[in-house]
Structure formats: structure tokens, C-alpha cells
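Scroll down for the structure; my scribbles are underneath it.
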Amino acid sequence: KQILKTDVFGKRYVYMDTTESTNLEARRLAQQGAEEGTVVVTEEQAAGRGRLSRGWYSPFGKGLWFSLILRPDFAPVEAPKCTLMAAVALTKAFHKMGLTDAGIKWPNDILVNGRKLVGILTEMSGSMEEISYIVMGIGVNVKTKQEELPEELKLIATSLTMEGIDIERTEAFKIILESLEHQYYEVLDSGFEETLNEWRQLSVTLGEEIEVRAPGNTYEGVATDIDEDGNLLVRIPDGTVKRVMAGDVSIRPR
Ligand code: ADP
């Protein structure tokens, strides 16, 4: 904590040995008025969550399992772009650590050679007019070894250690929080445009043939771009372009 070069992120810091989910804890703190930049970090989550109520594997001492409270004064429609912003900041942080193969799978996963290194879960509270707070949950696999992964993740997950990046969790945390803060203030100062451009550069989804799975509706196409709201544009075989929102779909490579 002392060595953090951030101005706001992590200045208020809640550490827990164990918790159900850092997002739950952060939301509770945000409800009680916790300030922007508050970070909740834990050694393990008993019920870590992904999007669409899927679980997030968060074993003791093996990763950076944390949530960050933001209170931006932009409109609620902008909130989904915070997820893309976080993905950009994290990917740049990994590049800094020497992991140049890290790329972003739309909207919120960071992959290395097709395997997931990071999951991001953004939750917002507020009205149609105003964001009360955003809680950004981030799970980074740091020290996990291949043989420790549960069966269902053996082929789809990776960690910094598995990618040959030998770094302490505190050092990785410092680089990540600094990168997140830098990206956030750039967005507050200059808007999302530059960050969305960086997202395009760092994406492993654009140009790929993908399958889109929405409830009751699965189709295939080519991911061509993201729009200014961060929605994915998918060209389906008849030439029409579909606009895919992050909330309700998952995409798979074909
Ligand atoms: P996606 O956006 O890829 O559809 P989510 O963002 O909802 O998925 O993340 C949850 C999924 O991530 C789980 O269903 C599981 O397959 C995978 N997963 C869970 N824990 C981990 C982990 N620690 N590392 C990598 N992948 C994980």
C-alpha cells in the first residue's frame, strides 16, 4: 500500500482473508457512502461471480481478487464502457509485466493464447439519470498452477505463473491499480474515444468468426467492430450487421 503511486485508487483499502464476493462487500460499502477509489481485496472468495451468474474460481492466495468503487458523474449509459476501460488498463499492465500476448475478448475477458487470465464484472447502481456508484470486480489469476486448476478450467484458464511471469501479487497489484487509475482519469478528462481505440488495438475478437449465444437465440458471424457505446458489431452471413450488447450474451470462437 505504501508504495502505491496512485492518487485515489487504493488509498482507502479493505483487506479480508476471506469473503463471499468482493463485489458484494464493495456494494455494501458503497451503499454506506464509501468514497471513489475504495478497493476491497481478499485472499479467497467463497462465491466469486462472473457475468450471467456464473462462478469465478478464487482460491486462497493464488490471485488478485478485488473490487473497485467508482463514482463517475457521467450518464448511466456510459457505464458499460467502464468494463472496456478496465480491460484496456489491465491488458496494458500485463504488457508492462512482459506478457505481450495478453489480449481482450469482448467485452470483458483478458486472454492469453485463448485462455482466460482475468474476468471483470461491472455492476452499477443508480437511476436512469445518475450513477450512484459502479463496482468493478476484477479477478486475476496470478500464482495458480496448471495442476491446481479444477477440471472444468484446465483447458480454458491461465495465470501469470503459467505464462512464465514471475511476479509477486503486491507488485502486480501496484502495476494494475496504477494502470486503472491512469486510464480512468484519461476517460474523465478526454472521454472514451481514445480508450475505445486502444480497446480495438488490444482486442482478439475483432476480425474473428464467432458464435453469439443469447437466451433463445444463437447465431454466427464475423465480429467487425465496436460502436461508440462499446456494443459489438457482428456481420451475419446475409450481410446484416447485428449490434450485440454485453449484458446478455456470450461469444465463442468458431
Ligand atoms: P464469459 O464472459 O467468458 O462468458 P464470465 O465473464 O461470466 O464468462 O466468467 C465466468 C466463466 O469464467 C466461468 O463460467 C468459467 O468458465 C470461467 N472461470 C471461472 N473462474 C475462472 C478463473 N479463475 N480463471 C479463468 N476462468 C474462470
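In the C-alpha cells, the first chain shown is A, the next is B, and so on; residue numbers restart at 1 for each chain, and ligands run from 1 in the order shown.
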
Could you pull the residues within 7 Å of Gly139 (chain A), counting only C-alpha atoms, minus those fewer than 4 positions along the same chain, as a PyMOL selection string?
-> chain A and resi 64-66+118-120

Keeping only C-alpha atoms, write the selected residues as a PDB file, in the first residue's frame.
ATOM      1  CA  LEU A  64      -5.816 -10.792  -7.099  1.00  0.00           C
ATOM      2  CA  TRP A  65      -9.478 -10.918  -6.244  1.00  0.00           C
ATOM      3  CA  PHE A  66     -10.645  -7.343  -5.779  1.00  0.00           C
ATOM      4  CA  VAL A 118      -8.790 -12.215 -15.990  1.00  0.00           C
ATOM      5  CA  GLY A 119     -12.501 -11.853 -15.514  1.00  0.00           C
ATOM      6  CA  ILE A 120     -14.195  -8.492 -14.973  1.00  0.00           C
TER       7      ILE A 120
END

List every residue of chain A that has an atom at most 9 Å from any atom of ligand 1, giving for each one its closest atom pair and the distance in Å to one decimal, counting only C-alpha atoms and all ligand atoms, sorted by chain and then by ascending residue number, as a Markdown table.
| residue | atom | partner | partner_atom_place_in_ligand_line | distance |
| --- | --- | --- | --- | --- |
| A:Gly48 | CA | ligand 1 | 20 (N) | 8.1 |
| A:Arg49 | CA | ligand 1 | 10 (C) | 7.0 |
| A:Gly50 | CA | ligand 1 | 7 (O) | 3.8 |
| A:Arg51 | CA | ligand 1 | 7 (O) | 3.5 |
| A:Leu52 | CA | ligand 1 | 7 (O) | 5.7 |
| A:Ser53 | CA | ligand 1 | 7 (O) | 6.9 |
| A:Arg54 | CA | ligand 1 | 14 (O) | 4.9 |
| A:Gly55 | CA | ligand 1 | 13 (C) | 5.4 |
| A:Trp56 | CA | ligand 1 | 20 (N) | 3.6 |
| A:Tyr57 | CA | ligand 1 | 20 (N) | 3.8 |
| A:Ser58 | CA | ligand 1 | 23 (N) | 5.6 |
| A:Pro59 | CA | ligand 1 | 23 (N) | 8.0 |
| A:Gly63 | CA | ligand 1 | 23 (N) | 8.2 |
| A:Lys105 | CA | ligand 1 | 3 (O) | 8.1 |
| A:Trp106 | CA | ligand 1 | 2 (O) | 7.9 |
| A:Pro107 | CA | ligand 1 | 2 (O) | 7.3 |
| A:Asn108 | CA | ligand 1 | 2 (O) | 6.4 |
| A:Asp109 | CA | ligand 1 | 2 (O) | 6.2 |
| A:Arg115 | CA | ligand 1 | 25 (C) | 7.4 |
| A:Lys116 | CA | ligand 1 | 25 (C) | 4.7 |
| A:Leu117 | CA | ligand 1 | 25 (C) | 5.7 |
| A:Val118 | CA | ligand 1 | 24 (N) | 6.4 |
| A:Gly119 | CA | ligand 1 | 6 (O) | 5.3 |
| A:Ile120 | CA | ligand 1 | 6 (O) | 6.3 |
| A:Leu121 | CA | ligand 1 | 6 (O) | 6.8 |
| A:Gly139 | CA | ligand 1 | 23 (N) | 7.0 |
| A:Val140 | CA | ligand 1 | 23 (N) | 7.3 |
| A:Asn141 | CA | ligand 1 | 23 (N) | 5.9 |
| A:Thr144 | CA | ligand 1 | 23 (N) | 8.7 |
| A:Leu149 | CA | ligand 1 | 23 (N) | 8.3 |
| A:Glu152 | CA | ligand 1 | 16 (O) | 7.3 |
| A:Leu153 | CA | ligand 1 | 26 (N) | 6.2 |
| A:Ile156 | CA | ligand 1 | 26 (N) | 6.4 |
| A:Ala157 | CA | ligand 1 | 25 (C) | 4.1 |
| A:Thr158 | CA | ligand 1 | 25 (C) | 6.4 |
| A:Ser159 | CA | ligand 1 | 24 (N) | 7.7 |
| A:Ala246 | CA | ligand 1 | 2 (O) | 8.7 |
| A:Val249 | CA | ligand 1 | 4 (O) | 7.5 |
| A:Ser250 | CA | ligand 1 | 4 (O) | 4.6 |
| A:Ile251 | CA | ligand 1 | 4 (O) | 6.7 |
| A:Arg252 | CA | ligand 1 | 4 (O) | 8.1 |

Could the residues in this selection be saved with C-alpha atoms as a compact mmCIF listing (two decimals), in the first residue's frame?
# COMPACT_ATOMS: atom_id res chain seq x y z
CA GLY A 48 -16.93 -15.32 -6.61
CA ARG A 49 -19.16 -14.47 -9.54
CA GLY A 50 -18.78 -13.95 -13.28
CA ARG A 51 -21.34 -12.48 -15.62
CA LEU A 52 -24.72 -14.19 -16.10
CA SER A 53 -24.48 -15.74 -12.61
CA ARG A 54 -21.54 -17.91 -13.49
CA GLY A 55 -18.94 -18.69 -10.85
CA TRP A 56 -15.44 -17.32 -10.58
CA TYR A 57 -12.81 -19.67 -9.15
CA SER A 58 -10.88 -17.68 -6.50
CA PRO A 59 -8.59 -19.95 -4.46
CA GLY A 63 -4.84 -14.42 -7.30
CA LYS A 105 -12.04 -10.92 -25.70
CA TRP A 106 -15.15 -8.78 -25.98
CA PRO A 107 -16.39 -7.44 -23.71
CA ASN A 108 -14.50 -8.21 -20.56
CA ASP A 109 -12.15 -11.16 -20.59
CA ARG A 115 -7.08 -18.97 -22.19
CA LYS A 116 -8.65 -16.69 -19.64
CA LEU A 117 -6.31 -14.81 -17.31
CA VAL A 118 -8.79 -12.21 -15.99
CA GLY A 119 -12.50 -11.85 -15.51
CA ILE A 120 -14.20 -8.49 -14.97
CA LEU A 121 -17.68 -7.99 -13.57
CA GLY A 139 -10.19 -11.42 -10.77
CA VAL A 140 -6.62 -12.01 -11.94
CA ASN A 141 -5.12 -15.49 -11.79
CA THR A 144 -2.30 -20.71 -9.87
CA LEU A 149 -6.99 -25.87 -11.71
CA GLU A 152 -13.55 -27.66 -15.95
CA LEU A 153 -10.94 -24.87 -16.14
CA ILE A 156 -9.61 -22.62 -20.55
CA ALA A 157 -7.81 -20.79 -17.73
CA THR A 158 -4.30 -19.47 -17.33
CA SER A 159 -2.32 -17.48 -14.76
CA ALA A 246 -22.64 -7.09 -23.30
CA VAL A 249 -24.73 -12.78 -24.44
CA SER A 250 -21.57 -14.78 -24.53
CA ILE A 251 -19.46 -15.28 -27.60
CA ARG A 252 -17.39 -18.28 -28.59

For Arg12 (chain A), list every protein, DNA or RNA residue within 10 Å, evaluated using only C-alpha atoms, and leave out those in the same chain fewer than 6 positions away; present the list as a VMD selection string.
-> chain A and resid 1 34 to 40

Mind checking DSSP for region 21-243 of chain A and telling me the strand (DSSP E) residues as a PyMOL selection string?
-> chain A and resi 39-45+63-70+102-105+109-112+115-126+131-141+209-214+217-226+232-235+241-243

Store the residues of this selection in a file with C-alpha atoms, as a PDB file, in the first residue's frame.
ATOM      1  CA  VAL A  39     -10.645  -1.108  -3.035  1.00  0.00           C
ATOM      2  CA  VAL A  40     -11.830  -4.353  -1.448  1.00  0.00           C
ATOM      3  CA  VAL A  41      -9.344  -7.177  -1.752  1.00  0.00           C
ATOM      4  CA  THR A  42      -9.420 -10.714  -0.431  1.00  0.00           C
ATOM      5  CA  GLU A  43      -7.264 -13.832  -0.316  1.00  0.00           C
ATOM      6  CA  GLU A  44     -10.174 -16.009  -1.404  1.00  0.00           C
ATOM      7  CA  GLN A  45     -13.817 -15.755  -2.419  1.00  0.00           C
ATOM      8  CA  GLY A  63      -4.839 -14.419  -7.303  1.00  0.00           C
ATOM      9  CA  LEU A  64      -5.816 -10.792  -7.099  1.00  0.00           C
ATOM     10  CA  TRP A  65      -9.478 -10.918  -6.244  1.00  0.00           C
ATOM     11  CA  PHE A  66     -10.645  -7.343  -5.779  1.00  0.00           C
ATOM     12  CA  SER A  67     -13.355  -4.770  -6.404  1.00  0.00           C
ATOM     13  CA  LEU A  68     -13.033  -1.068  -7.026  1.00  0.00           C
ATOM     14  CA  ILE A  69     -15.687   1.555  -6.267  1.00  0.00           C
ATOM     15  CA  LEU A  70     -16.112   4.355  -8.826  1.00  0.00           C
ATOM     16  CA  ALA A 102      -2.428 -10.731 -23.490  1.00  0.00           C
ATOM     17  CA  GLY A 103      -5.451  -9.547 -25.496  1.00  0.00           C
ATOM     18  CA  ILE A 104      -9.100  -8.700 -24.882  1.00  0.00           C
ATOM     19  CA  LYS A 105     -12.041 -10.918 -25.699  1.00  0.00           C
ATOM     20  CA  ASP A 109     -12.149 -11.159 -20.590  1.00  0.00           C
ATOM     21  CA  ILE A 110      -8.405 -10.991 -20.909  1.00  0.00           C
ATOM     22  CA  LEU A 111      -6.982 -13.971 -22.718  1.00  0.00           C
ATOM     23  CA  VAL A 112      -3.538 -15.325 -23.398  1.00  0.00           C
ATOM     24  CA  ARG A 115      -7.078 -18.973 -22.185  1.00  0.00           C
ATOM     25  CA  LYS A 116      -8.653 -16.689 -19.638  1.00  0.00           C
ATOM     26  CA  LEU A 117      -6.306 -14.806 -17.307  1.00  0.00           C
ATOM     27  CA  VAL A 118      -8.790 -12.215 -15.990  1.00  0.00           C
ATOM     28  CA  GLY A 119     -12.501 -11.853 -15.514  1.00  0.00           C
ATOM     29  CA  ILE A 120     -14.195  -8.492 -14.973  1.00  0.00           C
ATOM     30  CA  LEU A 121     -17.685  -7.989 -13.573  1.00  0.00           C
ATOM     31  CA  THR A 122     -19.075  -4.450 -13.549  1.00  0.00           C
ATOM     32  CA  GLU A 123     -22.164  -3.640 -11.509  1.00  0.00           C
ATOM     33  CA  MET A 124     -23.897  -0.287 -11.386  1.00  0.00           C
ATOM     34  CA  SER A 125     -26.329   1.310  -9.004  1.00  0.00           C
ATOM     35  CA  GLY A 126     -28.285   4.463  -9.641  1.00  0.00           C
ATOM     36  CA  ILE A 131     -24.895   6.837 -11.493  1.00  0.00           C
ATOM     37  CA  SER A 132     -24.755   6.385  -7.751  1.00  0.00           C
ATOM     38  CA  TYR A 133     -21.754   4.062  -7.928  1.00  0.00           C
ATOM     39  CA  ILE A 134     -20.061   1.489 -10.082  1.00  0.00           C
ATOM     40  CA  VAL A 135     -18.437  -1.558  -8.551  1.00  0.00           C
ATOM     41  CA  MET A 136     -15.861  -3.156 -10.745  1.00  0.00           C
ATOM     42  CA  GLY A 137     -14.928  -6.689  -9.761  1.00  0.00           C
ATOM     43  CA  ILE A 138     -11.650  -7.953 -11.147  1.00  0.00           C
ATOM     44  CA  GLY A 139     -10.191 -11.424 -10.772  1.00  0.00           C
ATOM     45  CA  VAL A 140      -6.622 -12.007 -11.937  1.00  0.00           C
ATOM     46  CA  ASN A 141      -5.120 -15.491 -11.794  1.00  0.00           C
ATOM     47  CA  GLU A 209     -15.650 -15.619 -36.762  1.00  0.00           C
ATOM     48  CA  ILE A 210     -17.734 -16.039 -33.649  1.00  0.00           C
ATOM     49  CA  GLU A 211     -20.884 -17.610 -32.336  1.00  0.00           C
ATOM     50  CA  VAL A 212     -23.205 -15.333 -30.356  1.00  0.00           C
ATOM     51  CA  ARG A 213     -25.268 -17.042 -27.701  1.00  0.00           C
ATOM     52  CA  ALA A 214     -28.175 -15.045 -26.412  1.00  0.00           C
ATOM     53  CA  ASN A 217     -31.086 -17.119 -29.983  1.00  0.00           C
ATOM     54  CA  THR A 218     -27.728 -18.384 -31.224  1.00  0.00           C
ATOM     55  CA  TYR A 219     -26.157 -17.202 -34.455  1.00  0.00           C
ATOM     56  CA  GLU A 220     -22.809 -16.956 -36.206  1.00  0.00           C
ATOM     57  CA  GLY A 221     -20.994 -14.093 -37.837  1.00  0.00           C
ATOM     58  CA  VAL A 222     -17.841 -12.032 -38.031  1.00  0.00           C
ATOM     59  CA  ALA A 223     -17.043  -9.502 -35.301  1.00  0.00           C
ATOM     60  CA  THR A 224     -16.257  -6.380 -37.300  1.00  0.00           C
ATOM     61  CA  ASP A 225     -16.004  -3.544 -34.761  1.00  0.00           C
ATOM     62  CA  ILE A 226     -17.394  -1.997 -31.606  1.00  0.00           C
ATOM     63  CA  LEU A 232     -20.055  -5.433 -30.576  1.00  0.00           C
ATOM     64  CA  LEU A 233     -20.947  -5.268 -34.268  1.00  0.00           C
ATOM     65  CA  VAL A 234     -21.381  -8.682 -35.839  1.00  0.00           C
ATOM     66  CA  ARG A 235     -21.906  -9.210 -39.561  1.00  0.00           C
ATOM     67  CA  VAL A 241     -24.876  -6.173 -39.058  1.00  0.00           C
ATOM     68  CA  LYS A 242     -26.128  -7.024 -35.591  1.00  0.00           C
ATOM     69  CA  ARG A 243     -25.413  -4.902 -32.552  1.00  0.00           C
TER      70      ARG A 243
END

Pick the closest to Glu193 (chain A) from A:Ala75, A:Leu84, A:Ala47, A:Ala26: which is it, counting only C-alpha atoms?
->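 Once distances to Glu193 (chain A) are computed over only C-alpha atoms, the minimum belongs to A:Leu84.
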
Atomic distance CA of Phe173 (chain A) - CA of Glu186 (chain A), expressed in Å with one decimal | 19.9 Å

Among the residues of region 28-114 of chain A, find those DSSP assigns to helix (DSSP H, G or I) from the backbone and print them as a list in words.
->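 Checking each residue of region 28-114 of chain A, the helix (DSSP H, G or I) ones are Arg28, Leu29, Ala30, Gln31, Arg51, Leu52, Ser53, Pro76, Val77, Glu78, Pro80, Lys81, Cys82, Thr83, Leu84, Met85, Ala86, Ala87, Val88, Ala89, Leu90, Thr91, Lys92, Ala93, Phe94, His95 and Lys96 of chain A.
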
File dump, residues just selected, N, CA and C atoms, as a PDB file, in the first residue's frame:
ATOM      1  N   ARG A  28     -21.866  -3.185  -0.537  1.00  0.00           N
ATOM      2  CA  ARG A  28     -22.309  -2.842   0.810  1.00  0.00           C
ATOM      3  C   ARG A  28     -21.619  -1.553   1.275  1.00  0.00           C
ATOM      4  N   LEU A  29     -20.308  -1.466   1.052  1.00  0.00           N
ATOM      5  CA  LEU A  29     -19.561  -0.268   1.456  1.00  0.00           C
ATOM      6  C   LEU A  29     -20.010   0.955   0.662  1.00  0.00           C
ATOM      7  N   ALA A  30     -20.262   0.760  -0.620  1.00  0.00           N
ATOM      8  CA  ALA A  30     -20.689   1.887  -1.463  1.00  0.00           C
ATOM      9  C   ALA A  30     -22.039   2.421  -0.986  1.00  0.00           C
ATOM     10  N   GLN A  31     -22.933   1.515  -0.606  1.00  0.00           N
ATOM     11  CA  GLN A  31     -24.231   1.926  -0.058  1.00  0.00           C
ATOM     12  C   GLN A  31     -24.064   2.800   1.177  1.00  0.00           C
ATOM     13  N   ARG A  51     -20.108 -13.037 -15.076  1.00  0.00           N
ATOM     14  CA  ARG A  51     -21.341 -12.482 -15.621  1.00  0.00           C
ATOM     15  C   ARG A  51     -22.390 -13.596 -15.678  1.00  0.00           C
ATOM     16  N   LEU A  52     -23.645 -13.231 -15.879  1.00  0.00           N
ATOM     17  CA  LEU A  52     -24.722 -14.194 -16.101  1.00  0.00           C
ATOM     18  C   LEU A  52     -24.736 -15.283 -15.025  1.00  0.00           C
ATOM     19  N   SER A  53     -24.496 -14.860 -13.793  1.00  0.00           N
ATOM     20  CA  SER A  53     -24.484 -15.744 -12.609  1.00  0.00           C
ATOM     21  C   SER A  53     -23.549 -16.938 -12.705  1.00  0.00           C
ATOM     22  N   PRO A  76     -25.550   7.076 -16.922  1.00  0.00           N
ATOM     23  CA  PRO A  76     -25.574   5.621 -16.748  1.00  0.00           C
ATOM     24  C   PRO A  76     -25.321   4.830 -18.037  1.00  0.00           C
ATOM     25  N   VAL A  77     -25.732   5.371 -19.195  1.00  0.00           N
ATOM     26  CA  VAL A  77     -25.495   4.628 -20.445  1.00  0.00           C
ATOM     27  C   VAL A  77     -24.005   4.446 -20.730  1.00  0.00           C
ATOM     28  N   GLU A  78     -23.187   5.256 -20.098  1.00  0.00           N
ATOM     29  CA  GLU A  78     -21.743   5.158 -20.327  1.00  0.00           C
ATOM     30  C   GLU A  78     -21.107   4.042 -19.495  1.00  0.00           C
ATOM     31  N   PRO A  80     -21.357   0.758 -19.144  1.00  0.00           N
ATOM     32  CA  PRO A  80     -20.784  -0.468 -19.717  1.00  0.00           C
ATOM     33  C   PRO A  80     -19.372  -0.262 -20.276  1.00  0.00           C
ATOM     34  N   LYS A  81     -19.093   0.976 -20.697  1.00  0.00           N
ATOM     35  CA  LYS A  81     -17.770   1.242 -21.261  1.00  0.00           C
ATOM     36  C   LYS A  81     -16.677   1.184 -20.196  1.00  0.00           C
ATOM     37  N   CYS A  82     -17.081   1.288 -18.924  1.00  0.00           N
ATOM     38  CA  CYS A  82     -16.086   1.151 -17.850  1.00  0.00           C
ATOM     39  C   CYS A  82     -15.450  -0.231 -17.858  1.00  0.00           C
ATOM     40  N   THR A  83     -16.239  -1.225 -18.251  1.00  0.00           N
ATOM     41  CA  THR A  83     -15.696  -2.581 -18.355  1.00  0.00           C
ATOM     42  C   THR A  83     -14.618  -2.636 -19.433  1.00  0.00           C
ATOM     43  N   LEU A  84     -14.893  -2.003 -20.568  1.00  0.00           N
ATOM     44  CA  LEU A  84     -13.902  -1.985 -21.637  1.00  0.00           C
ATOM     45  C   LEU A  84     -12.659  -1.207 -21.205  1.00  0.00           C
ATOM     46  N   MET A  85     -12.910  -0.124 -20.471  1.00  0.00           N
ATOM     47  CA  MET A  85     -11.799   0.670 -19.953  1.00  0.00           C
ATOM     48  C   MET A  85     -10.900  -0.171 -19.032  1.00  0.00           C
ATOM     49  N   ALA A  86     -11.527  -0.946 -18.161  1.00  0.00           N
ATOM     50  CA  ALA A  86     -10.756  -1.787 -17.245  1.00  0.00           C
ATOM     51  C   ALA A  86      -9.959  -2.830 -18.019  1.00  0.00           C
ATOM     52  N   ALA A  87     -10.582  -3.395 -19.047  1.00  0.00           N
ATOM     53  CA  ALA A  87      -9.886  -4.416 -19.832  1.00  0.00           C
ATOM     54  C   ALA A  87      -8.654  -3.816 -20.522  1.00  0.00           C
ATOM     55  N   VAL A  88      -8.803  -2.599 -21.020  1.00  0.00           N
ATOM     56  CA  VAL A  88      -7.665  -1.921 -21.655  1.00  0.00           C
ATOM     57  C   VAL A  88      -6.554  -1.689 -20.631  1.00  0.00           C
ATOM     58  N   ALA A  89      -6.932  -1.152 -19.470  1.00  0.00           N
ATOM     59  CA  ALA A  89      -5.933  -0.834 -18.446  1.00  0.00           C
ATOM     60  C   ALA A  89      -5.195  -2.091 -17.981  1.00  0.00           C
ATOM     61  N   LEU A  90      -5.950  -3.165 -17.777  1.00  0.00           N
ATOM     62  CA  LEU A  90      -5.324  -4.411 -17.324  1.00  0.00           C
ATOM     63  C   LEU A  90      -4.397  -4.987 -18.391  1.00  0.00           C
ATOM     64  N   THR A  91      -4.855  -4.984 -19.621  1.00  0.00           N
ATOM     65  CA  THR A  91      -4.022  -5.541 -20.689  1.00  0.00           C
ATOM     66  C   THR A  91      -2.713  -4.772 -20.810  1.00  0.00           C
ATOM     67  N   LYS A  92      -2.807  -3.433 -20.707  1.00  0.00           N
ATOM     68  CA  LYS A  92      -1.584  -2.633 -20.756  1.00  0.00           C
ATOM     69  C   LYS A  92      -0.681  -2.956 -19.555  1.00  0.00           C
ATOM     70  N   ALA A  93      -1.284  -3.203 -18.409  1.00  0.00           N
ATOM     71  CA  ALA A  93      -0.493  -3.565 -17.226  1.00  0.00           C
ATOM     72  C   ALA A  93       0.251  -4.891 -17.468  1.00  0.00           C
ATOM     73  N   PHE A  94      -0.416  -5.853 -18.105  1.00  0.00           N
ATOM     74  CA  PHE A  94       0.249  -7.138 -18.379  1.00  0.00           C
ATOM     75  C   PHE A  94       1.375  -6.974 -19.388  1.00  0.00           C
ATOM     76  N   HIS A  95       1.146  -6.113 -20.374  1.00  0.00           N
ATOM     77  CA  HIS A  95       2.218  -5.851 -21.342  1.00  0.00           C
ATOM     78  C   HIS A  95       3.442  -5.296 -20.617  1.00  0.00           C
ATOM     79  N   LYS A  96       3.168  -4.409 -19.649  1.00  0.00           N
ATOM     80  CA  LYS A  96       4.257  -3.834 -18.853  1.00  0.00           C
ATOM     81  C   LYS A  96       5.004  -4.907 -18.064  1.00  0.00           C
TER      82      LYS A  96
END
